[in-house]
Every structure is written in structure tokens, then in C-alpha cells.
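Participant: Here you go, one structure.
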Amino acid sequence: MTENRTALITGASRGIGEATARHLAADGWAVVLAARSSSDIDRIAAEITDIGGKALANTCDVADYHSVSAMIKATQERFGSIDLIVNNAGVINPIARLAESNPEEWSSVVDINLKGVYNVIHAVLPGMLETGSGTVINISSGAANAPLEGWSHYCATKSAVKMLTAMVHKEYGDKGIRCVGLSPGTVATKMQVDIKASGINPVSKLDPDAHIPPEWVAKAIAWLADAGAANYLGTDFSLKSDEGRTAVGLPPV
Ligand code: NAP
């Protein structure tokens with residue numbers, strides 16, 4: 001069990017973020033759930049609290065720096081310090097080939113998937129550096145390394161986040177800050193439902209049975225938050241390999 005440690009999870013209103021909040025709370029972490037849908041995070045936080053966990057919901061748009069910075073301040077005031085950030089909030093819609101993409105919509109994906117991660121890191125680092133410790137887990141994707149038709153915004157932002165992971169490690173790895181990416185493979189969440197509906201690239205053709213449950217990703221995040229991250233700092237840890245799955249205690253690929 002984890003005593004007196006606080007984790008902030010963005011994109012906690014469903015999918016991987018929700019599963020992670022529930023898993024970490026069951027492990028004894030105080031959890032802060034952040035997303036734009038306040039009714040969902042309020043409900044999940046209440047359910048966690050009802051079974052004896054410590055949880056707080058904080059409505060936040062990660063694309064808005066002021067919203068992020070207010071949330072980090074509120075969390076620090078409530079729990080003292082933040083030990084773990086899970087930068088999980090992310091979007092893939094609208095899926096469109098470059099020529100058909102809408103510049104404003106493309107840009108809004110950059111605001112959430114890339115600038116959202118930067119915003120959280122920028123707001124949380126001073127507090128972590130003050131205590132000389134903290135873990136940042138950035139949810140990555142195979143799309144960080146491979147172009148997929150219709151996903152230019154998503155591939156470009158995940159690739160840039162992979163570099164942010166390396167940058168945090170480069171600048172603060174020797175100051176007690178551990179930063180690691182997690183590439184989960186395909187996961188059974190609303191995002192995969194949206195991908196299937198697009199019908200554009202091979203991922204949209206996958207059988208839904210090919211996806212892993214979000215609870216497996218939550219288990220990997222809990223493992224990285226403890227000792228697991230040590231060998232992967234500054235890089236993406238992948239759940240698509242037998243090595244990764246076995247390390248976490250999940251069935252092989
Ligand atoms: P999901 O079910 O669609 O959940 C996305 C979450 O992000 C929701 O909680 C959503 O909440 C939140 N979010 C979106 N925009 C936000 C914003 N501006 N501010 C705050 N929160 C925001 O998707 P998921 O599959 O769990 O995805 C979670 C992460 O895993 C993403 O980074 C995704 O890229 C990554 N990933 C997923 C897969 C997969 O196969 N599912 C594979 C690789 C990587 P609100 O809409 O309420 O704000």
C-alpha cells in the first residue's frame with residue numbers, strides 16, 4: 001500500500017484515466033481526477049471515496065494553462081505535494097487526411113495532446129523540484145513512431161510528447177524527477193470506438209477483441225510509478241512486447 005502519496009491523472013473521466021484513478025486509489029494513493037466533464041469525474045471520485053479511498057475531482061481543460069495552473073495549486077493546497085502526474089488526456093478526432101483536415105481542429109488537437117502535456121509539466125515542476133522528487137508518466141502511443149493515415153495531428157503530437165519525455169529527463173533527471181512514457185498498444189476505450197467509426201487506416205479495421213482492457217494499462221502505470229520506471233526513464237515503455245507485459249505481470253502478447 002502507498003501511504004500519503006498524491007497522484008494527479010488528466011483525462012480521468014473515462015477509459016485509461018478512469019481505470020488508473022481507481023487502481024491507484026485502491027493502492028492507497030490520494031488521487032486527483034482531472035477532465036472537462038465534471039459530472040463524470042465527480043461521480044468517479046465519489047465512488048472511490050465511498051469505498052474508503054481519497055479522491056478529488058477537478059474540472060480542467062489541459063489546453064488552458066490557467067485552468068491547469070489553478071488545478072495544480074488547488075491540489076498542492078489540499079494534499080501538500082504532488083508525487084505523480086499521469087499526463088493521459090488526449091484526443092484523436094477529427095480523423096482526416098491532411099488535405100481534408102480543418103486547420104482549427106488540427107490545431108486544437110495540438111493544444112490538448114502536446115501543449116496540454118507541456119502545461120501540466122510546467123505547472124507541476126517547481127513543486128516537484130522543491131521536494132526533489134516526483135514522477136511524470138506521459139501516455140504515448142505507437143503513433144509516436146509510425147505514420148498512420150488520417151492521424152497526422154495525433155502522430156505529430158505523440159511524437160512531440162515522446163521528445164518532451166526525453167527533455168524532462170535530460171533537464172531534471174538528476175534533480176529527482178523521473179519522467180517516462182507509456183505506449184500501451186490498442187486499448188478498449190471510446191477512442192478505439194471513434195477510430196473504428198473512421199474506417200480510415202489498419203487500426204480502424206482491428207477486431208475489438210484485439211484491444212487490451214484499460215485496467216491493464218492502469219496496472220502498468222502503477223508499476224511505473226513505483227520501481228518499474230527505473231530502466232526506462234526518458235523513453236517510452238511499451239506494453240506491446242512480451243518483455244513489457246511480463247515486467248508488469250500481465251499476460252504475454
Ligand atoms: P478516451 O476514453 O477518449 O479518454 C480520453 C480522456 O481525455 C477523457 O477523460 C477526456 O475527458 C480527456 N480529455 C480530452 N480532452 C481533454 C482536455 N482538453 N482537458 C482535459 N481532459 C481531456 O481515450 P483513452 O483511450 O482512455 O485515451 C487516454 C490516453 O491514452 C490518450 O492520451 C490516448 O492518446 C492514449 N492512447 C490510447 C490508446 C487506445 O487504443 N485507446 C492507444 C495508445 C494511446 P473529457 O472529454 O471529459 O475532457
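Chain identifiers are assigned as A, B, and so on, following the order in which chains appear in the C-alpha cells; residues are numbered from 1 within each chain, and ligands are numbered from 1 in order of appearance.
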Can you list every residue in segment 53-230 of chain A that DSSP puts in strand (DSSP E), as a list of chain:residue names?

Facilitator: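 So, restricting segment 53-230 of chain A to strand (DSSP E), we get A:Lys54, A:Ala55, A:Leu56, A:Ala57, A:Asn58, A:Thr59, A:Leu84, A:Ile85, A:Val86, A:Asn87, A:Gly134, A:Thr135, A:Val136, A:Ile137, A:Asn138, A:Ile139, A:Ile177, A:Arg178, A:Cys179, A:Val180, A:Gly181, A:Leu182, A:Ser183.
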
Participant: Would you list the residues that come within 6 Å of ligand 1? Count only C-alpha atoms and all ligand atoms and give the answer as number ranges by chain.

Facilitator: A: 10-17, 35-37, 60-63, 88-91, 112, 139-141, 184-192

Participant: Which is closer to Gln76 of chain A than all the others in A:Leu206, A:Met128, A:Ile212, A:Ala34, using only C-alpha atoms?

Facilitator: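 Answer, going by the shortest atom-to-atom distance: A:Met128.
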
Participant: At a cut-off of 6 Å, using only C-alpha atoms, what residues contact Leu84 of chain A? Leave out same-chain residues fewer than 3 positions from it and give the result as a PyMOL selection string.

Facilitator: chain A and resi 7+134-136

Participant: Keeping only all heavy atoms, take the residues you just selected and write them out as a CSV table (one decimal), in the first residue's frame.

Facilitator:
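This is the output file again17.csv:
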```csv
chain,number,residue,atom,x,y,z
A,7,ALA,N,-1.4,11.4,-6.5
A,7,ALA,CA,-1.3,11.3,-8.0
A,7,ALA,C,-2.4,12.2,-8.6
A,7,ALA,O,-3.5,12.2,-8.2
A,7,ALA,CB,-1.5,9.9,-8.4
A,134,GLY,N,9.6,13.4,-7.7
A,134,GLY,CA,8.3,13.4,-8.4
A,134,GLY,C,8.4,12.5,-9.7
A,134,GLY,O,9.5,12.4,-10.2
A,135,THR,N,7.3,11.9,-10.1
A,135,THR,CA,7.3,11.1,-11.3
A,135,THR,C,6.2,11.7,-12.3
A,135,THR,O,5.1,12.0,-11.9
A,135,THR,CB,6.9,9.6,-10.9
A,135,THR,OG1,7.9,9.2,-10.0
A,135,THR,CG2,6.8,8.7,-12.1
A,136,VAL,N,6.6,11.7,-13.5
A,136,VAL,CA,5.7,12.2,-14.6
A,136,VAL,C,5.6,11.0,-15.6
A,136,VAL,O,6.7,10.6,-16.1
A,136,VAL,CB,6.3,13.4,-15.3
A,136,VAL,CG1,5.4,13.8,-16.5
A,136,VAL,CG2,6.4,14.6,-14.3
```

Participant: Just the number, please: distance in Å from atom CA of Asp226 of chain A to atom CA of Ala21 of chain A, one decimal.

Facilitator: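 Taking atom CA of Asp226 of chain A as the start and atom CA of Ala21 of chain A as the end point, the length is 15.2 Å.
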
Participant: Quick one: everything within 12 Å of Asn58 of chain A, counting only C-alpha atoms, minus sequence neighbours fewer than 5 positions away in the same chain. Send it as a PyMOL selection string.

Facilitator: chain A and resi 8-13+31-45+67-75+78

Participant: Please provide as number ranges by chain all residues within 6 Å of segment 232-247 of chain A, with the sequence filter that same-chain residues fewer than 4 positions apart are discarded (counting only C-alpha atoms).

Facilitator: A: 165-166, 169, 179-185, 252-253

Participant: For a quick check of understanding, using only C-alpha atoms, which of A:Trp151, A:Tyr65, A:Phe79, A:Tyr172 has the smallest distance to Asn119 of chain A?

Facilitator: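 Going through A:Trp151, A:Tyr65, A:Phe79, A:Tyr172 one by one, the smallest distance to Asn119 of chain A is for A:Tyr65.
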
Participant: For segment 99-110 of chain A, please output as a list in words all residues within 9 Å (counting only C-alpha atoms; exclusion window: fewer than 6 positions along the same chain).

Facilitator: Ala63, Gly90, Val91, Ile92, Asn93, Gly116, Gly150, Ser152, His153, Tyr154, Ala156 and Thr157 of chain A

Participant: What parts of segment 96-131 of chain A does DSSP call alpha helix (DSSP H)? I'd like the answer as a list in words.

Facilitator: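 Put together, the selection reads Pro103, Glu104, Glu105, Trp106, Ser107, Ser108, Val109, Val110, Gly116, Val117, Tyr118, Asn119, Val120, Ile121, His122, Ala123, Val124, Leu125, Pro126, Gly127, Met128, Leu129, Glu130 and Thr131 of chain A.
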
Participant: Using C-alpha atoms, can you write the selected residues to a file as a short mmCIF file (atom, residue, chain, number, x, y, z; two decimals), in the first residue's frame?

Facilitator:
```cif
data_model
loop_
_atom_site.label_atom_id
_atom_site.label_comp_id
_atom_site.auth_asym_id
_atom_site.auth_seq_id
_atom_site.Cartn_x
_atom_site.Cartn_y
_atom_site.Cartn_z
CA PRO A 103 -6.69 23.91 -39.56
CA GLU A 104 -8.55 24.99 -36.41
CA GLU A 105 -9.50 21.44 -35.43
CA TRP A 106 -5.95 20.21 -36.21
CA SER A 107 -4.58 22.93 -34.01
CA SER A 108 -6.95 22.12 -31.15
CA VAL A 109 -5.53 18.56 -31.08
CA VAL A 110 -2.05 20.08 -30.71
CA GLY A 116 -1.68 20.05 -22.53
CA VAL A 117 1.24 17.85 -21.52
CA TYR A 118 3.61 20.84 -21.52
CA ASN A 119 1.12 22.89 -19.45
CA VAL A 120 0.90 20.25 -16.71
CA ILE A 121 4.67 19.67 -16.65
CA HIS A 122 5.37 23.40 -16.50
CA ALA A 123 2.92 23.94 -13.66
CA VAL A 124 3.98 20.95 -11.55
CA LEU A 125 7.78 21.05 -11.91
CA PRO A 126 8.52 23.88 -9.43
CA GLY A 127 6.77 21.97 -6.62
CA MET A 128 8.48 18.70 -7.50
CA LEU A 129 11.87 20.39 -7.70
CA GLU A 130 11.27 21.95 -4.28
CA THR A 131 10.81 18.48 -2.74
#
```

Participant: Which one of A:Ile82, A:Ala146, A:Asp64, A:Ala197 sits closest to Lys115 of chain A if you count only C-alpha atoms?

Facilitator: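 With only C-alpha atoms as the atom set, the closest residue is A:Asp64.
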
Participant: List as a list in words the protein and nucleic acid residues near Leu148 of chain A, meaning an atom at most 12 Å away when only C-alpha atoms are counted, but skip any in the same chain fewer than 4 places from it.

Facilitator: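 Surrounding residues, per the criterion: Ile92, Ile95, Ala96, Arg97, Leu98, Ser141, Gly142, Ala143, Ala144, Ser152, His153, Tyr154, Cys155, Ala156, Lys158, Ile195, Ile200, Asn201, Pro202, Val203 and Ser204 of chain A.
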
Participant: What does the structure give for the distance between atom CA of Thr20 of chain A and atom CA of Ser159 of chain A, in Å to one decimal?

Facilitator: 22.8 Å

Participant: For each of A:Glu47, A:Asp207, A:Leu114, A:Ile85, take the minimum atom-to-atom distance to Ile177 of chain A, counting only C-alpha atoms, then give the residue where this is smallest.

Facilitator: A:Ile85
